[in-house]
>>> print(open('upload_34.txt').read())   # compact mmCIF, C-alpha atoms
# COMPACT_ATOMS: atom_id res chain seq x y z
CA MET Y 1 93.10 119.83 111.84
CA PRO Y 2 94.64 116.52 112.96
CA LYS Y 3 93.09 114.97 116.05
CA VAL Y 4 95.02 113.01 118.69
CA MET Y 5 93.79 111.17 121.76
CA ILE Y 6 96.08 111.13 124.80
CA VAL Y 7 95.60 108.25 127.26
CA ASP Y 8 97.59 108.23 130.50
CA ASP Y 9 96.78 107.75 134.17
CA GLU Y 10 99.12 110.61 135.13
CA PRO Y 11 97.18 113.91 134.74
CA GLU Y 12 100.40 115.92 134.40
CA ILE Y 13 101.39 113.94 131.31
CA VAL Y 14 97.94 114.29 129.75
CA GLU Y 15 97.96 118.05 130.36
CA LEU Y 16 101.52 118.43 129.05
CA PHE Y 17 100.67 116.62 125.80
CA ASP Y 18 97.40 118.55 125.53
CA TYR Y 19 99.18 121.89 125.77
CA PHE Y 20 102.00 120.84 123.44
CA PHE Y 21 99.81 119.39 120.68
CA ARG Y 22 97.27 122.23 120.79
CA LYS Y 23 100.18 124.68 120.44
CA HIS Y 24 101.15 122.77 117.28
CA GLY Y 25 97.68 122.93 115.72
CA PHE Y 26 96.14 119.64 116.85
CA ASP Y 27 92.73 118.95 118.26
CA VAL Y 28 93.21 116.89 121.44
CA VAL Y 29 91.00 114.40 123.27
CA LYS Y 30 92.17 113.85 126.85
CA CYS Y 31 91.67 110.52 128.64
CA PHE Y 32 92.80 110.09 132.22
CA GLY Y 33 93.28 106.31 132.20
CA GLY Y 34 92.08 103.25 130.35
CA GLU Y 35 88.49 103.39 131.61
CA ASP Y 36 88.20 106.93 130.26
CA ALA Y 37 89.64 105.81 126.90
CA VAL Y 38 87.13 102.97 126.48
CA LYS Y 39 84.25 105.39 127.12
CA VAL Y 40 85.65 107.84 124.55
CA ILE Y 41 86.17 105.07 121.95
CA ASP Y 42 82.47 104.24 122.33
CA SER Y 43 81.39 107.87 121.95
CA ASP Y 44 81.07 110.39 119.15
CA VAL Y 45 84.06 112.24 120.62
CA PHE Y 46 86.30 109.54 119.10
CA GLN Y 47 85.13 110.35 115.60
CA GLY Y 48 87.96 111.83 113.55
CA VAL Y 49 90.78 110.73 115.86
CA ASP Y 50 93.84 110.18 113.68
CA LEU Y 51 96.26 108.93 116.31
CA VAL Y 52 96.24 107.64 119.90
CA ILE Y 53 99.14 108.16 122.30
CA LEU Y 54 98.64 105.40 124.84
CA ASP Y 55 100.42 104.68 128.12
CA ARG Y 56 101.23 100.99 128.49
CA ARG Y 57 100.92 100.62 132.25
CA MET Y 58 97.80 101.99 133.90
CA PRO Y 59 95.64 100.68 136.75
CA LYS Y 60 92.41 98.79 136.01
CA ILE Y 61 92.52 98.93 132.19
CA ASP Y 62 96.08 99.05 130.83
CA GLY Y 63 97.33 100.15 127.42
CA PRO Y 64 97.29 96.71 125.75
CA ALA Y 65 93.67 96.21 126.92
CA VAL Y 66 92.68 99.59 125.47
CA LEU Y 67 94.44 98.64 122.23
CA ASP Y 68 92.55 95.32 122.10
CA TYR Y 69 89.29 97.16 122.70
CA LEU Y 70 90.11 99.60 119.92
CA ARG Y 71 90.87 96.71 117.53
CA ASN Y 72 87.68 94.88 118.47
CA LYS Y 73 85.69 98.00 117.67
CA GLN Y 74 87.20 97.71 114.16
CA LYS Y 75 88.67 101.18 114.38
CA ARG Y 76 92.32 100.10 114.60
CA GLU Y 77 92.92 100.25 110.83
CA GLN Y 78 91.90 103.88 110.79
CA VAL Y 79 93.89 105.05 113.81
CA ALA Y 80 97.65 105.11 114.31
CA VAL Y 81 98.83 104.17 117.82
CA ILE Y 82 101.95 105.22 119.70
CA MET Y 83 102.41 103.35 122.97
CA LEU Y 84 104.55 104.82 125.75
CA THR Y 85 106.26 102.60 128.28
CA GLY Y 86 108.49 103.19 131.28
CA SER Y 87 110.93 100.54 130.03
CA TYR Y 88 111.19 97.49 127.84
CA SER Y 89 112.74 95.35 130.57
CA GLY Y 90 110.71 92.30 131.50
CA GLU Y 91 108.10 92.91 128.82
CA THR Y 92 107.83 89.80 126.69
CA ASP Y 93 104.84 90.77 124.58
CA THR Y 94 105.19 93.54 122.05
CA PRO Y 95 101.85 95.12 121.23
CA ASP Y 96 100.87 95.70 117.61
CA VAL Y 97 101.39 99.45 117.56
CA ASP Y 98 102.88 101.86 115.05
CA GLU Y 99 105.52 103.04 117.54
CA LEU Y 100 106.60 101.87 121.00
CA LEU Y 101 108.51 104.65 122.78
CA THR Y 102 110.20 104.73 126.17
CA LYS Y 103 109.38 107.46 128.69
CA PRO Y 104 110.49 110.10 129.19
CA VAL Y 105 109.99 111.06 125.57
CA ASN Y 106 111.35 114.13 123.83
CA LEU Y 107 108.33 116.21 122.76
CA GLN Y 108 109.89 117.28 119.45
CA TYR Y 109 110.68 113.65 118.66
CA ILE Y 110 107.14 112.50 119.39
CA LEU Y 111 105.77 115.40 117.31
CA GLU Y 112 107.84 114.16 114.35
CA LYS Y 113 106.54 110.61 114.86
CA VAL Y 114 102.94 111.83 115.11
CA ASN Y 115 103.23 113.94 111.96
CA ASN Y 116 104.86 111.08 110.03
CA LEU Y 117 102.23 108.55 111.09
CA ILE Y 118 99.34 110.87 110.26
CA SER Y 119 100.90 111.69 106.86
CA ARG Y 120 101.33 107.98 106.16
CA LYS Y 121 97.71 107.35 107.14
CA ILE Y 122 96.50 110.07 104.76
CA THR Y 123 98.66 108.67 101.93
CA GLN Y 124 97.38 105.11 102.50
CA LYS Y 125 93.80 106.35 102.65
CA GLY Y 126 94.30 108.08 99.28
CA LYS Y 127 95.75 104.90 97.72
CA ASN Y 128 92.87 102.80 99.04
CA SER Y 129 90.30 105.10 97.49
CA LEU Y 130 91.77 104.67 93.96
>>> encode(input="upload_34.txt", output="structure tokens")
Amino acid sequence: MPKVMIVDDEPEIVELFDYFFRKHGFDVVKCFGGEDAVKVIDSDVFQGVDLVILDRRMPKIDGPAVLDYLRNKQKREQVAVIMLTGSYSGETDTPDVDELLTKPVNLQYILEKVNNLISRKITQKGKNSL
């Protein structure tokens, strides 16, 4: 079963994604903000996470900071990342993510992106083991 981690400071968004992805056969790890995400990355709960859906703007620890933390833990290569943002306007830095999507996002569209990224990860993992 694929495992996704949802990181957003808005509980309604986390719960919506949780419900939607569980309905589609995913195991879900819920993080209510960047501080929560950093704790999960450091824990055994993070083991097996295939993809992170990460809000860009959050108080205290924002999405790019969580992404940097994930990279520094040397887990970035193993985990696909989709970052969600309210808009691209005024944002000069583009984080190194697999997808950068604007909110609100169509759930079917994000499901397609998630499935494609996880499939690509599995294919690359298979090639690397040859």
>>> closest_residue(input="upload_34.txt", among="Y:Lys121, Y:Val52, Y:Asn115, Y:Asp62", to="Val97 of chain Y", atoms="only C-alpha atoms")
Y:Val52
>>> residues_near_point(input="upload_34.txt", point="(84.3, 110.8, 120.3)", cutoff="12 Å", atoms="only C-alpha atoms", output="list in words")
Lys3, Val4, Met5, Asp27, Val28, Val29, Lys30, Cys31, Asp36, Ala37, Val38, Lys39, Val40, Ile41, Asp42, Ser43, Asp44, Val45, Phe46, Gln47, Gly48, Val49 and Asp50 of chain Y
>>> residues_around(input="upload_34.txt", residues="segment 82-88 of chain Y", least_positions_apart="2", cutoff="6 Å", atoms="all atoms listed in the file", output="list in words")
Ile53, Leu54, Asp55, Arg56, Glu91, Asp98, Glu99, Leu100, Leu101, Thr102 and Lys103 of chain Y
>>> atom_distance(input="upload_34.txt", atom1="atom CA of Pro59 of chain Y", atom2="atom CA of Pro11 of chain Y")
13.5 Å
>>> atom_distance(input="upload_34.txt", atom1="atom CA of Gly34 of chain Y", atom2="atom CA of Leu16 of chain Y")
17.9 Å
>>> atom_distance(input="upload_34.txt", atom1="atom CA of Leu70 of chain Y", atom2="atom CA of Glu12 of chain Y")
24.1 Å
>>> closest_residue(input="upload_34.txt", among="Y:Arg120, Y:Arg22, Y:Arg71, Y:Lys113", to="Pro95 of chain Y", atoms="only C-alpha atoms")
Y:Arg71
>>> closest_residue(input="upload_34.txt", among="Y:Val7, Y:Ala65, Y:Leu111, Y:Met58", to="Phe21 of chain Y", atoms="all atoms listed in the file")
Y:Leu111
>>> closest_residue(input="upload_34.txt", among="Y:Met1, Y:Asp9, Y:Phe20, Y:Leu51", to="Leu117 of chain Y", atoms="all atoms listed in the file")
Y:Leu51
>>> decode(input="upload_34.txt", residues="segment 8-96 of chain Y", atoms="C-alpha atoms", output="tab-separated table (two decimals), in the first residue's frame")
chain	number	residue	atom	x	y	z
Y	8	ASP	CA	-0.53	21.60	6.02
Y	9	ASP	CA	-1.33	24.06	8.79
Y	10	GLU	CA	-5.03	24.01	7.86
Y	11	PRO	CA	-6.64	20.98	9.59
Y	12	GLU	CA	-9.51	20.89	7.08
Y	13	ILE	CA	-7.08	20.36	4.21
Y	14	VAL	CA	-5.19	17.63	6.07
Y	15	GLU	CA	-8.45	15.83	6.90
Y	16	LEU	CA	-9.77	16.20	3.33
Y	17	PHE	CA	-6.60	14.68	1.85
Y	18	ASP	CA	-6.59	11.98	4.54
Y	19	TYR	CA	-10.12	10.91	3.69
Y	20	PHE	CA	-9.55	11.11	-0.07
Y	21	PHE	CA	-6.29	9.16	-0.15
Y	22	ARG	CA	-7.47	6.48	2.30
Y	23	LYS	CA	-10.55	6.01	0.10
Y	24	HIS	CA	-8.14	5.37	-2.80
Y	25	GLY	CA	-6.09	2.75	-0.95
Y	26	PHE	CA	-3.27	4.83	0.53
Y	27	ASP	CA	-1.82	4.78	3.99
Y	28	VAL	CA	-1.72	8.39	5.23
Y	29	VAL	CA	0.47	10.20	7.76
Y	30	LYS	CA	-1.09	13.48	8.88
Y	31	CYS	CA	1.02	16.48	9.92
Y	32	PHE	CA	-0.63	19.67	11.09
Y	33	GLY	CA	2.18	22.09	10.21
Y	34	GLY	CA	5.91	22.14	9.68
Y	35	GLU	CA	6.85	21.42	13.30
Y	36	ASP	CA	4.73	18.27	13.18
Y	37	ALA	CA	6.39	17.23	9.90
Y	38	VAL	CA	9.92	17.57	11.28
Y	39	LYS	CA	8.99	15.37	14.26
Y	40	VAL	CA	7.51	12.73	11.93
Y	41	ILE	CA	10.57	12.80	9.63
Y	42	ASP	CA	12.70	12.00	12.69
Y	43	SER	CA	10.44	9.14	13.78
Y	44	ASP	CA	9.75	5.58	12.69
Y	45	VAL	CA	6.34	6.75	11.42
Y	46	PHE	CA	8.15	8.25	8.40
Y	47	GLN	CA	9.48	4.86	7.36
Y	48	GLY	CA	7.91	3.76	4.08
Y	49	VAL	CA	6.59	7.19	3.07
Y	50	ASP	CA	6.58	7.29	-0.73
Y	51	LEU	CA	5.42	10.86	-1.25
Y	52	VAL	CA	4.95	14.08	0.73
Y	53	ILE	CA	2.26	16.64	-0.08
Y	54	LEU	CA	3.62	19.81	1.47
Y	55	ASP	CA	2.04	23.24	1.91
Y	56	ARG	CA	4.47	26.02	1.01
Y	57	ARG	CA	3.33	28.70	3.45
Y	58	MET	CA	2.92	27.72	7.08
Y	59	PRO	CA	3.72	29.55	10.32
Y	60	LYS	CA	6.95	28.81	12.21
Y	61	ILE	CA	8.38	26.14	9.87
Y	62	ASP	CA	7.30	26.63	6.25
Y	63	GLY	CA	7.30	24.15	3.37
Y	64	PRO	CA	10.75	25.02	1.98
Y	65	ALA	CA	12.24	24.61	5.48
Y	66	VAL	CA	10.60	21.19	5.84
Y	67	LEU	CA	11.93	20.27	2.40
Y	68	ASP	CA	15.46	21.35	3.40
Y	69	TYR	CA	15.18	19.31	6.59
Y	70	LEU	CA	14.04	16.29	4.59
Y	71	ARG	CA	17.00	16.68	2.20
Y	72	ASN	CA	19.46	17.08	5.06
Y	73	LYS	CA	18.19	13.84	6.57
Y	74	GLN	CA	19.22	12.23	3.25
Y	75	LYS	CA	15.72	10.94	2.65
Y	76	ARG	CA	14.89	13.26	-0.26
Y	77	GLU	CA	16.08	10.83	-2.95
Y	78	GLN	CA	13.66	8.23	-1.70
Y	79	VAL	CA	10.60	10.44	-1.34
Y	80	ALA	CA	8.68	12.33	-4.03
Y	81	VAL	CA	7.45	15.79	-3.00
Y	82	ILE	CA	4.46	17.77	-4.24
Y	83	MET	CA	4.38	21.32	-2.90
Y	84	LEU	CA	1.11	23.26	-2.76
Y	85	THR	CA	1.07	27.04	-2.90
Y	86	GLY	CA	-1.64	29.69	-2.82
Y	87	SER	CA	-0.08	31.41	-5.84
Y	88	TYR	CA	3.15	31.82	-7.74
Y	89	SER	CA	3.03	35.62	-7.62
Y	90	GLY	CA	5.96	37.22	-5.84
Y	91	GLU	CA	7.74	33.92	-5.28
Y	92	THR	CA	11.22	34.18	-6.73
Y	93	ASP	CA	12.64	30.91	-5.48
Y	94	THR	CA	11.34	27.67	-6.90
Y	95	PRO	CA	11.90	24.77	-4.53
Y	96	ASP	CA	13.37	21.52	-5.83
